[in-house]
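Presented below is the structure to which this report refers.
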Amino acid sequence: MKGITSYGVYLPRLRLKKQAMAEANAWFDASLKGLAKGERSICNWDEDTITMAVEAATDCLSALSEANVSGLKLASTTLPFLDRQNSVVIAEALSLDRSASTMDVSASQRAATSALINSLESNRNGNQLLVASEHRRSKAGSRAEMLWGDAAAAVTVGDDGIIAECLGVATHAVDFIDHYRGDGADFDYDWEERWIRDEGFMKIVPVVVESVLNDAGVAAADINHFILPTDQARTPAALAKRLGINAEAIVDNQIATVGVAGAAQPLLLLAKALESATNGETILILGFGQGCDAILLRATDKLAQCKPGLGLSGALKRRREETNYNKFLSFNNLVERDVGKRGEADKQTYLSGYNRRKDLLTGFLGGKCRDCGTVQIPREKYCVNPECNALDSQDVYSFASQDGTVLTWTADRLTFDWSPPAYFGMVEFDGGGKLMMDFTEVEEGSIDSGSRVSVHFRIRQFDPQRGFRKYFWKAIVED
Amino acid sequence: MASGIKDKVVILGMGCSKFGERWDSSPSDLMVEAFEECLADAGVERNQIEAAWFGAGIDAFNVGSSAMPLSIALRLNYIPVTKVENMCATGTEAFRGAVYAVASGACDIALALGVEKLKDTGYGGLPQRSRGVENDMYWPNLSAPGAFAQLASGYRAKHKVNKDDLKRAMAHVSVKSHANGAKNPKAHLQREITAEQAINAPFIAEPIGLFDCCGVSDGSACAIVTTPEIARSLGKENLVAVKALQLAVSNGTESSHASWDGSFLKTTRIASQRAYDEAGIRKPKEEITMTEVHDCFSITELVTMEDLQLADEGAGVKDVLDGTFDADGSNPCQIDGGLKCFGHPIGASGLRMLYENYLQLQGRAGARQLSDPKMGLNHNLGGFPHQNICSISIVGPYG
């Protein structure tokens, strides 16, 4: 069977202090104070499931010497589009070969583990990329809001360079409805936590765990990393005890640092386990939702060489504290904020025009002139070099992984922006070419001419009238 | 070889409406106000006008498309009217059309009129509008101050100017224009300000603060042009002639090629040199005696002084602070208050600048009259520092 060949993680930089959340809402639910420990990750206004997935996938691919991606699956219950394959947007942002298979896997908290089993059992050659990404909305003042976080994680599955081999998989499918989100509903509806624990976790999980361990001939006591994604703080320990798994093997759900990231949680915790696992250690990953998936892995001697750019530890360090709960409400459309008349402008996307510019908009592809070597973006008919101006002379040239330097900039407080001021300016890329572009995640006082930037796939604009959103690349000032 | 426009066409008459927040005035009202003054000044009848060029900048919030709004507002006699739009250079473009028509011999008397109605949006600043189907997909949602703030950062980086020094010079530009505007009854903003006010005003787009921004105004201005011979035959003296009319339009080099560093206005350098050549001007600092430049923002004026060769490159901050461009300086700039205080109804601005030159050269500028103006230069800049249109017109005594 195939195995894991790489992994990667993305966490939004913003971390909202739970104390601030509890203080805002404890007037009507004093129990929230009991959950007010640490912080949770929150998407910036311009981040969503797709943008986080692009980041996590990029992190994952950064650890592979040769990516050779033959397929991409996106697992999420918060897909921005119900009918427009979300994984294709990611594939184009990553400039994957168009022959790579793409698929969205959704509608369950075990979407990622089911997709992982599918990839492991597939006979497709090359690396199959699996990204799990989740940006869950929850009601203001809910326990879910306190317990959840926004995150994405990715793995590649393949035959060569396996860092964790698969010892076995198992599934137990049963329509146990601990929560649901029906068509047209904005939020989940859930049932009592104690019932979910007793009748759900404690009864369903043992079935798959015993199955996968028996098939692989591995004893529960020999599990080194036990991954049970849940926002129930004590359930992993209760289950470990029931199953005979050592308490030290439990991989913490990180409720106080990230929050539980829904369908992305199994892969996020897998990344955490892979960061600490050593050769020969076993990892048991579960995915709970309408039954349970189990995947048993064993780390190989190649794991030590797998170093994604961020990983979970890097993503945790890349953080900025946020204490403004209102900003979180605004970013998640939980309040109707006054956007001013400039914010009222129609955001229609003209799809035929969009399609013509897709290489630029999604792939961040420009051109390089065959005649004079000038690198440029956007790629136009004539070369921009005044000494050249050759016609149709440019080969496609990717800016997606190019770093650059700020030439000019401003913080615009007049124009509409979801998080004013709007920072934008001219970026000169290291490999040549320049572009007037938006900056995101700018900390006041951190930017000037000469600042170093990297580029990232982000939401550019929402069209609430038509349910569309536009994406483009933005520059982020490097720390 | 082309001989250029110098001394081929003269201004027969000009008119300019009061600029400002003209809540009660329609675009037609503004056009008629400017036109009536212009007709009376020119001393001709409406039916003597053989062709007209109509400048209006922002269709969505102004008069709509085509040349019809002008023809209807002025009840022109089914003559050819051409609508022109070239962002903030629109007014000068209308003038260029009329001047070229007369110079070509296609007609004897032509009209150029610009108008803009900006105060029907319901909010401050220029209207939020589309930049085109494809541009809207990836351009930053930049406001005008946001775009020109880029010039400040580029200039500062290139010349290693201290933030505070640049801000002080920017403030001086605005203080000077407010002082000038206070003497102009047609100006939108007619009050003086202090440097402290300008420096301490809230940022609109860092480092551009409130007082670094020009007025967003309603207004109209127009000119009737003809040949020197016809003007004389109509009894006109002290003829003001067109010495140069130039335009340079960005071709994407600034925005996409490494040869531009963001610290200057490439089009202004090109258009002004062409204009000096056309007018036979060799020493701009000495020969240009007054300027009306596109001070949409104070930083634009400062950098423009260098690009017009009226300040040495990198010396703008010092020259501004030394008062070189003040009303009593060696090269007064925006003696009518400029875009800053006269106001900036986009389609009218180029013609408003010419109006001031024309009055000054004829000694009719009232309280703000300069002692001995000889050659006036007007500069418009449409668009953004990295992608723009620059128009230059130079006028002076005929002959």
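Every chain in the structure tokens has a letter given in the order shown (A, B, ...), and although residue numbers restart at 1 in each chain, ligands are simply numbered from 1 in the order shown.
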**Message:** For the helix (DSSP H, G or I) assignment from backbone DSSP, which residues of region 128-354 of chain B qualify? Please present them as a count of residues only.
**Reply:** 105
Against chain B, which residues of chain A fall within 7 Å? For each one I want the closest pair of atoms and the distance in Å (one decimal), counting only C-alpha atoms, rows by chain and increasing residue number, as a Markdown table.
```
| residue | atom | partner | partner_atom | distance |
| --- | --- | --- | --- | --- |
| A:Arg342 | CA | B:Gln128 | CA | 6.0 |
| A:Tyr350 | CA | B:Val133 | CA | 6.8 |
| A:Gly353 | CA | B:Glu134 | CA | 6.2 |
| A:Leu361 | CA | B:Tyr138 | CA | 6.9 |
| A:Gln376 | CA | B:Ser256 | CA | 6.2 |
| A:Ile377 | CA | B:Ser256 | CA | 6.6 |
| A:Val384 | CA | B:Thr253 | CA | 6.1 |
| A:Asn385 | CA | B:His257 | CA | 6.5 |
| A:Leu407 | CA | B:Gly154 | CA | 6.5 |
| A:Thr408 | CA | B:Gln150 | CA | 5.0 |
| A:Trp409 | CA | B:Gln150 | CA | 5.1 |
| A:Thr410 | CA | B:Glu206 | CA | 5.5 |
| A:Ala411 | CA | B:Ala205 | CA | 5.2 |
| A:Asp412 | CA | B:Ala205 | CA | 4.1 |
| A:Arg413 | CA | B:Ile204 | CA | 5.2 |
| A:Leu414 | CA | B:Ile204 | CA | 5.9 |
| A:Thr415 | CA | B:Ser143 | CA | 5.4 |
| A:Phe424 | CA | B:Pro140 | CA | 6.6 |
| A:Gly425 | CA | B:Gln150 | CA | 6.6 |
| A:Gly433 | CA | B:Ser256 | CA | 6.2 |
| A:Lys434 | CA | B:Ser256 | CA | 5.4 |
| A:Leu435 | CA | B:Ser256 | CA | 6.4 |
| A:Met437 | CA | B:Pro140 | CA | 5.6 |
| A:Asp438 | CA | B:Pro140 | CA | 5.4 |
| A:Ser449 | CA | B:Ala157 | CA | 6.3 |
| A:Phe472 | CA | B:Tyr138 | CA | 6.5 |
```
Those same residues, written as a PDB file, in the first residue's frame with N, CA and C atoms?
```pdb
ATOM      1  N   ARG A 342     -18.911  53.808  -0.578  1.00  0.00           N
ATOM      2  CA  ARG A 342     -17.910  53.244  -1.489  1.00  0.00           C
ATOM      3  C   ARG A 342     -17.951  51.720  -1.492  1.00  0.00           C
ATOM      4  N   TYR A 350     -17.312  39.509 -14.582  1.00  0.00           N
ATOM      5  CA  TYR A 350     -17.680  39.210 -15.964  1.00  0.00           C
ATOM      6  C   TYR A 350     -16.908  37.959 -16.370  1.00  0.00           C
ATOM      7  N   GLY A 353     -14.534  37.613 -19.319  1.00  0.00           N
ATOM      8  CA  GLY A 353     -13.311  38.394 -19.110  1.00  0.00           C
ATOM      9  C   GLY A 353     -12.418  37.724 -18.084  1.00  0.00           C
ATOM     10  N   LEU A 361      -4.924  35.754 -12.850  1.00  0.00           N
ATOM     11  CA  LEU A 361      -5.710  35.916 -11.629  1.00  0.00           C
ATOM     12  C   LEU A 361      -5.526  34.743 -10.677  1.00  0.00           C
ATOM     13  N   GLN A 376       7.794  40.010 -17.098  1.00  0.00           N
ATOM     14  CA  GLN A 376       6.744  41.017 -16.952  1.00  0.00           C
ATOM     15  C   GLN A 376       5.421  40.404 -16.536  1.00  0.00           C
ATOM     16  N   ILE A 377       4.636  41.222 -15.831  1.00  0.00           N
ATOM     17  CA  ILE A 377       3.296  40.819 -15.416  1.00  0.00           C
ATOM     18  C   ILE A 377       2.436  42.065 -15.374  1.00  0.00           C
ATOM     19  N   VAL A 384       7.066  44.546 -22.894  1.00  0.00           N
ATOM     20  CA  VAL A 384       7.038  45.883 -22.304  1.00  0.00           C
ATOM     21  C   VAL A 384       8.388  46.597 -22.395  1.00  0.00           C
ATOM     22  N   ASN A 385       9.442  45.858 -22.627  1.00  0.00           N
ATOM     23  CA  ASN A 385      10.769  46.488 -22.733  1.00  0.00           C
ATOM     24  C   ASN A 385      10.761  47.480 -23.900  1.00  0.00           C
ATOM     25  N   LEU A 407       8.509  48.865  -3.736  1.00  0.00           N
ATOM     26  CA  LEU A 407       9.058  50.067  -4.358  1.00  0.00           C
ATOM     27  C   LEU A 407       8.312  51.294  -3.819  1.00  0.00           C
ATOM     28  N   THR A 408       6.982  51.250  -3.896  1.00  0.00           N
ATOM     29  CA  THR A 408       6.160  52.335  -3.356  1.00  0.00           C
ATOM     30  C   THR A 408       4.972  51.719  -2.623  1.00  0.00           C
ATOM     31  N   TRP A 409       4.365  52.486  -1.745  1.00  0.00           N
ATOM     32  CA  TRP A 409       3.249  51.943  -0.956  1.00  0.00           C
ATOM     33  C   TRP A 409       2.425  53.070  -0.359  1.00  0.00           C
ATOM     34  N   THR A 410       1.251  52.720   0.136  1.00  0.00           N
ATOM     35  CA  THR A 410       0.480  53.627   0.985  1.00  0.00           C
ATOM     36  C   THR A 410      -0.487  52.823   1.829  1.00  0.00           C
ATOM     37  N   ALA A 411      -1.086  53.513   2.783  1.00  0.00           N
ATOM     38  CA  ALA A 411      -2.193  52.981   3.586  1.00  0.00           C
ATOM     39  C   ALA A 411      -3.383  53.880   3.298  1.00  0.00           C
ATOM     40  N   ASP A 412      -4.291  53.395   2.473  1.00  0.00           N
ATOM     41  CA  ASP A 412      -5.385  54.201   1.925  1.00  0.00           C
ATOM     42  C   ASP A 412      -6.615  54.093   2.832  1.00  0.00           C
ATOM     43  N   ARG A 413      -7.018  55.226   3.379  1.00  0.00           N
ATOM     44  CA  ARG A 413      -8.186  55.230   4.269  1.00  0.00           C
ATOM     45  C   ARG A 413      -9.431  55.749   3.585  1.00  0.00           C
ATOM     46  N   LEU A 414      -9.316  56.109   2.323  1.00  0.00           N
ATOM     47  CA  LEU A 414     -10.492  56.608   1.603  1.00  0.00           C
ATOM     48  C   LEU A 414     -11.215  55.469   0.896  1.00  0.00           C
ATOM     49  N   THR A 415     -10.460  54.606   0.264  1.00  0.00           N
ATOM     50  CA  THR A 415     -11.071  53.540  -0.517  1.00  0.00           C
ATOM     51  C   THR A 415     -11.725  52.503   0.391  1.00  0.00           C
ATOM     52  N   PHE A 424      -1.569  49.059  -0.354  1.00  0.00           N
ATOM     53  CA  PHE A 424      -1.193  48.564  -1.676  1.00  0.00           C
ATOM     54  C   PHE A 424       0.015  49.338  -2.164  1.00  0.00           C
ATOM     55  N   GLY A 425       0.646  48.817  -3.187  1.00  0.00           N
ATOM     56  CA  GLY A 425       1.813  49.503  -3.711  1.00  0.00           C
ATOM     57  C   GLY A 425       2.480  48.703  -4.803  1.00  0.00           C
ATOM     58  N   GLY A 433      10.293  41.956 -13.238  1.00  0.00           N
ATOM     59  CA  GLY A 433       8.865  42.241 -13.291  1.00  0.00           C
ATOM     60  C   GLY A 433       8.411  42.999 -12.064  1.00  0.00           C
ATOM     61  N   LYS A 434       7.328  43.758 -12.243  1.00  0.00           N
ATOM     62  CA  LYS A 434       6.771  44.471 -11.102  1.00  0.00           C
ATOM     63  C   LYS A 434       5.282  44.640 -11.291  1.00  0.00           C
ATOM     64  N   LEU A 435       4.592  44.867 -10.180  1.00  0.00           N
ATOM     65  CA  LEU A 435       3.137  44.968 -10.247  1.00  0.00           C
ATOM     66  C   LEU A 435       2.622  45.827  -9.100  1.00  0.00           C
ATOM     67  N   MET A 437       0.072  46.120  -6.538  1.00  0.00           N
ATOM     68  CA  MET A 437      -0.784  45.080  -5.957  1.00  0.00           C
ATOM     69  C   MET A 437      -1.157  45.369  -4.510  1.00  0.00           C
ATOM     70  N   ASP A 438      -2.173  44.659  -4.049  1.00  0.00           N
ATOM     71  CA  ASP A 438      -2.616  44.788  -2.658  1.00  0.00           C
ATOM     72  C   ASP A 438      -1.622  44.105  -1.729  1.00  0.00           C
ATOM     73  N   SER A 449       9.278  51.502   1.663  1.00  0.00           N
ATOM     74  CA  SER A 449      10.013  51.165   0.454  1.00  0.00           C
ATOM     75  C   SER A 449      11.223  50.340   0.879  1.00  0.00           C
ATOM     76  N   PHE A 472      -7.266  36.781  -5.927  1.00  0.00           N
ATOM     77  CA  PHE A 472      -6.044  37.232  -6.610  1.00  0.00           C
ATOM     78  C   PHE A 472      -4.896  37.126  -5.617  1.00  0.00           C
TER      79      PHE A 472
END
```
**Item:** Selected residue of minimal separation from Ser133 (chain A) among A:Gly467, A:Ile227, A:Arg98, A:Leu268, counting only C-alpha atoms
**Value:** A:Leu268
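Look at Glu66 (chain A): the protein and nucleic acid residues within 12 Å of it, using only C-alpha atoms and passing over chain neighbours fewer than 6 places away, are Thr5, Ser6, Cys60, Gly126, Asn127, Thr156, Gly158, Asp160 and Gly161 of chain A.
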Any chance you can output those residues with N, CA and C atoms as an mmCIF file, in the first residue's frame?
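Done, and the output landed in result.cif:
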```cif
data_model
loop_
_atom_site.group_PDB
_atom_site.id
_atom_site.type_symbol
_atom_site.label_atom_id
_atom_site.label_comp_id
_atom_site.auth_asym_id
_atom_site.auth_seq_id
_atom_site.Cartn_x
_atom_site.Cartn_y
_atom_site.Cartn_z
ATOM 1 N N THR A 5 3.895 10.886 1.856
ATOM 2 C CA THR A 5 5.223 11.290 1.360
ATOM 3 C C THR A 5 5.616 12.711 1.798
ATOM 4 N N SER A 6 4.624 13.491 2.231
ATOM 5 C CA SER A 6 4.942 14.834 2.739
ATOM 6 C C SER A 6 3.736 15.382 3.490
ATOM 7 N N CYS A 60 3.120 21.862 1.969
ATOM 8 C CA CYS A 60 3.333 20.419 1.809
ATOM 9 C C CYS A 60 4.272 20.133 0.632
ATOM 10 N N GLY A 126 2.315 8.590 -9.065
ATOM 11 C CA GLY A 126 2.672 9.957 -8.675
ATOM 12 C C GLY A 126 2.159 10.282 -7.280
ATOM 13 N N ASN A 127 2.337 11.541 -6.902
ATOM 14 C CA ASN A 127 1.862 11.992 -5.591
ATOM 15 C C ASN A 127 0.436 12.518 -5.683
ATOM 16 N N THR A 156 0.696 14.524 1.020
ATOM 17 C CA THR A 156 0.747 13.849 -0.272
ATOM 18 C C THR A 156 0.849 12.354 -0.006
ATOM 19 N N GLY A 158 1.811 8.710 -1.861
ATOM 20 C CA GLY A 158 2.484 8.173 -3.045
ATOM 21 C C GLY A 158 3.240 6.911 -2.729
ATOM 22 N N ASP A 160 6.789 6.654 -3.630
ATOM 23 C CA ASP A 160 8.222 6.925 -3.469
ATOM 24 C C ASP A 160 8.475 7.922 -2.355
ATOM 25 N N GLY A 161 9.490 7.675 -1.589
ATOM 26 C CA GLY A 161 9.858 8.606 -0.515
ATOM 27 C C GLY A 161 8.839 8.622 0.597
#
```
**Selected residue, from B:Arg22, B:Asn47, B:Asp7, B:Val225, that lies nearest to Ala110 (chain B) when counting only C-alpha atoms** = B:Val225
**Asked** Which residues, written as JSON, numbers by chain, have at least one atom at most 10 Å from Glu275 (chain A), with only C-alpha atoms counted and residues fewer than 2 positions away on the same chain left out?
**Response** {"A": [7, 269, 270, 271, 272, 273, 277, 278, 303, 304, 306, 307, 308, 311, 312, 313]}
**Message:** Need the shell around region 230-238 of chain B: protein/DNA/RNA residues with any atom at most 12 Å away, counting only C-alpha atoms. Skip same-chain ones fewer than 4 positions apart. Format as JSON, numbers by chain?
**Reply:** {"B": [8, 9, 10, 11, 12, 13, 41, 42, 43, 44, 102, 107, 108, 109, 224, 225, 226, 358, 359, 360, 361, 362, 363, 364, 374, 396, 397, 398, 399]}
Output the selection as a JSON list (two decimals), in the first residue's frame - C-alpha atoms for each residue.
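See again.json below for the written result:
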```
[["chain", "number", "residue", "atom", "x", "y", "z"],
["B", 8, "LYS", "CA", -1.02, 79.79, -35.07],
["B", 9, "VAL", "CA", -4.03, 80.13, -32.81],
["B", 10, "VAL", "CA", -5.10, 82.74, -30.25],
["B", 11, "ILE", "CA", -7.67, 82.83, -27.51],
["B", 12, "LEU", "CA", -10.63, 84.97, -28.49],
["B", 13, "GLY", "CA", -12.46, 84.70, -25.21],
["B", 41, "ASP", "CA", -15.52, 88.16, -23.61],
["B", 42, "ALA", "CA", -15.01, 86.93, -27.18],
["B", 43, "GLY", "CA", -17.52, 89.35, -28.59],
["B", 44, "VAL", "CA", -18.98, 86.83, -31.01],
["B", 102, "VAL", "CA", -8.48, 76.26, -36.24],
["B", 107, "CYS", "CA", -12.79, 76.26, -39.23],
["B", 108, "ASP", "CA", -12.24, 79.85, -38.16],
["B", 109, "ILE", "CA", -13.81, 79.89, -34.73],
["B", 224, "ILE", "CA", -13.24, 80.27, -27.92],
["B", 225, "VAL", "CA", -10.24, 80.20, -30.21],
["B", 226, "THR", "CA", -9.49, 81.59, -33.62],
["B", 358, "TYR", "CA", -5.28, 84.27, -20.04],
["B", 359, "LEU", "CA", -6.45, 86.72, -17.35],
["B", 360, "GLN", "CA", -2.94, 87.18, -16.00],
["B", 361, "LEU", "CA", -1.43, 87.81, -19.44],
["B", 362, "GLN", "CA", -4.14, 90.39, -20.12],
["B", 363, "GLY", "CA", -3.66, 92.01, -16.72],
["B", 364, "ARG", "CA", -7.22, 91.18, -15.61],
["B", 374, "LYS", "CA", 5.20, 86.60, -19.80],
["B", 396, "GLY", "CA", 1.98, 83.80, -24.07],
["B", 397, "PRO", "CA", 1.66, 87.11, -25.90],
["B", 398, "TYR", "CA", 1.19, 86.63, -29.63],
["B", 399, "GLY", "CA", 4.29, 87.09, -31.75]]
```
**Message:** If we count only C-alpha atoms and set the cut-off at 12 Å, which residues sit around Glu313 (chain B), ignoring sequence neighbours fewer than 3 positions away in its own chain? Please answer as a PyMOL selection string.
**Reply:** chain B and resi 155+158-159+263-265+269+302-310+316-319
**Asked** Using only C-alpha atoms, which residues sit within 10 Å of region 261-264 of chain A once same-chain residues fewer than 5 positions away are excluded, as a PyMOL selection string?
**Response** chain A and resi 9+11+40-41+49+53+74-78+105-113+131-136+147-154+229-231+253-255+269+287-289
